[in-house]
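*Asks:* Let me give you the structure first, and then I'll get to my questions.
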Amino acid sequence: MQDLDTFKLIERISALLRSEERKKYAAIGLQPVHGQVLEYLAKCNKYSNTHAAVAEYLGLTKGTVSQTIQILERKRYLDKTTDILDGRVVHLSLSEAGKQLIDELKPLDIFKQAESKVSRQEFDTIGQALQTTLGVLQKVNQSKSFGLCRSCRYFSVEQHHYQCGLTEQPLDREDTDKICRDHLPVPNSFIDQE
């Protein structure tokens, strides 16, 4: 059960970061894959700056990478150079505009804020660390928690049933194990501190 919970927490943190990444790149007319290619090229060495290496690193098809590189080249974020020893190989590098863009966009501010808060804590389990990290990221990003009904501030156990304090409606047992968009986490002094 712990492994599944850990997986779900990692999945939710990833979804939150992808959402933030989409917003960041959409603001400048790019897709997240464009940013991922630029970020990869900013940190790879001269042996790893080819179409094939980008595709392998990002787990994308060569066709997707080729189209992405064409877009980035048209926007003048990339430069292409033919290999002097093997004319069939094309090396990719960031143009000055590409380097400037990477400097302006990295890393996600919300993750830096969460990391600075969470790194001071000690945790008994990875699940506890991930749950706290997710809570901090959601607070910093001002996003809904979509948490389990039974972990909500509005959840209560009445005489013979479960109750939602927000809707004032009774809840079925099955509902308490499902996520809710109106979820409001129970106060956590660590996450809620400024």
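By order in the structure tokens, chains are A, B, ...; within a chain, residues start at 1; ligands start at 1, following the order shown.
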Determine which residues of chain A receive a DSSP assignment of alpha helix (DSSP H), computed from the backbone, and state them as a count of residues only.

*Replies:* 98

*Asks:* With a distance cut-off of 10 Å and only C-alpha atoms, select the neighbouring residues of Asp172 (chain A), excluding the residue or stretch itself and same-chain residues fewer than 2 positions from it, and output the selection as a PyMOL selection string.

*Replies:* chain A and resi 161-163+169-170+174-177

*Asks:* Restricted to N, CA and C atoms, what would the selected residues look like written as a short mmCIF file (atom, residue, chain, number, x, y, z; two decimals), in the first residue's frame?

*Replies:*
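Output file part35.cif is given in full below:
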```
data_model
loop_
_atom_site.label_atom_id
_atom_site.label_comp_id
_atom_site.auth_asym_id
_atom_site.auth_seq_id
_atom_site.Cartn_x
_atom_site.Cartn_y
_atom_site.Cartn_z
N HIS A 161 -23.31 8.00 9.72
CA HIS A 161 -22.87 8.21 8.34
C HIS A 161 -21.71 9.22 8.31
N TYR A 162 -21.13 9.32 7.11
CA TYR A 162 -20.10 10.33 6.87
C TYR A 162 -20.80 11.57 6.31
N GLN A 163 -20.21 12.73 6.54
CA GLN A 163 -20.85 13.99 6.15
C GLN A 163 -19.82 14.94 5.54
N GLN A 169 -24.08 17.42 2.84
CA GLN A 169 -24.67 16.20 2.30
C GLN A 169 -24.02 14.98 2.93
N PRO A 170 -24.80 13.91 3.13
CA PRO A 170 -24.19 12.66 3.61
C PRO A 170 -23.31 12.07 2.51
N GLU A 174 -17.74 4.77 -0.09
CA GLU A 174 -16.88 4.79 -1.27
C GLU A 174 -16.40 6.22 -1.58
N ASP A 175 -17.27 7.20 -1.34
CA ASP A 175 -16.90 8.60 -1.61
C ASP A 175 -15.71 9.05 -0.77
N THR A 176 -15.58 8.51 0.42
CA THR A 176 -14.53 8.98 1.33
C THR A 176 -13.14 8.57 0.86
N ASP A 177 -13.06 7.60 -0.05
CA ASP A 177 -11.78 7.14 -0.58
C ASP A 177 -11.45 7.76 -1.94
#
```

*Asks:* Just to confirm, what's the straight-line distance from CA of Ile13 (chain A) to CA of Gly135 (chain A) in Å (one decimal)?

*Replies:*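 About the pair CA of Ile13 (chain A) and CA of Gly135 (chain A): they are 9.3 Å apart.
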
*Asks:* Just the residues within 10 Å of Gln36 (chain A), please, counting only C-alpha atoms, with nothing from its chain fewer than 6 positions along; format it as a ChimeraX atom specification.

*Replies:* /A:21,42,54,58

*Asks:* Can you list, as number ranges by chain, all residues belonging to region 5-192 of chain A that DSSP tags as strand (DSSP E or B)?

*Replies:* A: 78-82, 90-94, 148, 152, 155-157, 162-164, 169-171, 179, 185

*Asks:* Which is closer to Phe7 (chain A) than all the others in A:Ile28, A:Gly127, A:Thr81, A:Thr61, using only C-alpha atoms?

*Replies:* A:Gly127

*Asks:* How far is it from CA of Leu30 (chain A) to CA of Ala53 (chain A), in Å with one decimal?

*Replies:* 21.2 Å

*Asks:* Using only C-alpha atoms, determine which residues lie at most 12 Å from region 62-65 of chain A, disregarding the query and same-chain residues fewer than 5 positions distant; provide the list as a list in words.

*Replies:*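 Contacts, in chain order: Val33, His34, Gly35, Gln36, Val37, Leu38, Thr50, His51, Ala52, Ala53, Val54, Ala55, Glu56, Tyr57, Gln70, Ile71, Leu72, Glu73 and Leu92 of chain A.
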
*Asks:* Got a sec: who's within 10 Å of Leu134 (chain A), counting only C-alpha atoms, leaving out chain neighbours fewer than 6 positions off, as an MDAnalysis selection string?

*Replies:* chainID A and resid 9:10 12:14 16 111 114 118 128 140 145 191

*Asks:* For the selection you just gave me, I'd like the residues written to a file as a PDB file, in the first residue's frame, keeping C-alpha atoms.

*Replies:*
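Result saved to selection-v1.pdb:
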```pdb
ATOM      1  CA  LEU A   9       2.160  11.328  -4.597  1.00  0.00           C
ATOM      2  CA  ILE A  10       4.976  11.389  -7.150  1.00  0.00           C
ATOM      3  CA  ARG A  12       0.501  14.306  -8.396  1.00  0.00           C
ATOM      4  CA  ILE A  13       3.692  16.316  -7.848  1.00  0.00           C
ATOM      5  CA  SER A  14       4.648  15.611 -11.475  1.00  0.00           C
ATOM      6  CA  LEU A  16       1.516  19.964 -10.733  1.00  0.00           C
ATOM      7  CA  PHE A 111       9.765  24.236  -6.748  1.00  0.00           C
ATOM      8  CA  ALA A 114       9.018  24.289  -1.744  1.00  0.00           C
ATOM      9  CA  VAL A 118      10.970  20.993   2.887  1.00  0.00           C
ATOM     10  CA  GLN A 128       5.497  11.715   4.500  1.00  0.00           C
ATOM     11  CA  VAL A 140       2.898  28.124  -3.244  1.00  0.00           C
ATOM     12  CA  SER A 145      -5.304  19.931  -3.508  1.00  0.00           C
ATOM     13  CA  ILE A 191       2.914  23.803   5.286  1.00  0.00           C
TER      14      ILE A 191
END
```

*Asks:* Would you pick out the contacts of Phe146 (chain A) at 8 Å or less, using only C-alpha atoms, so that residues sharing its chain but fewer than 3 positions from it are not included, and give the list as an NGL selection string?

*Replies:* :A and (179-183)

*Asks:* Taking 5 positions as the minimum chain separation for residues in the same chain, which residues sit within 12 Å of Arg74 (chain A) when counting only C-alpha atoms? Answer as a ChimeraX atom specification.

*Replies:* /A:67-69,79-80,95,97-98
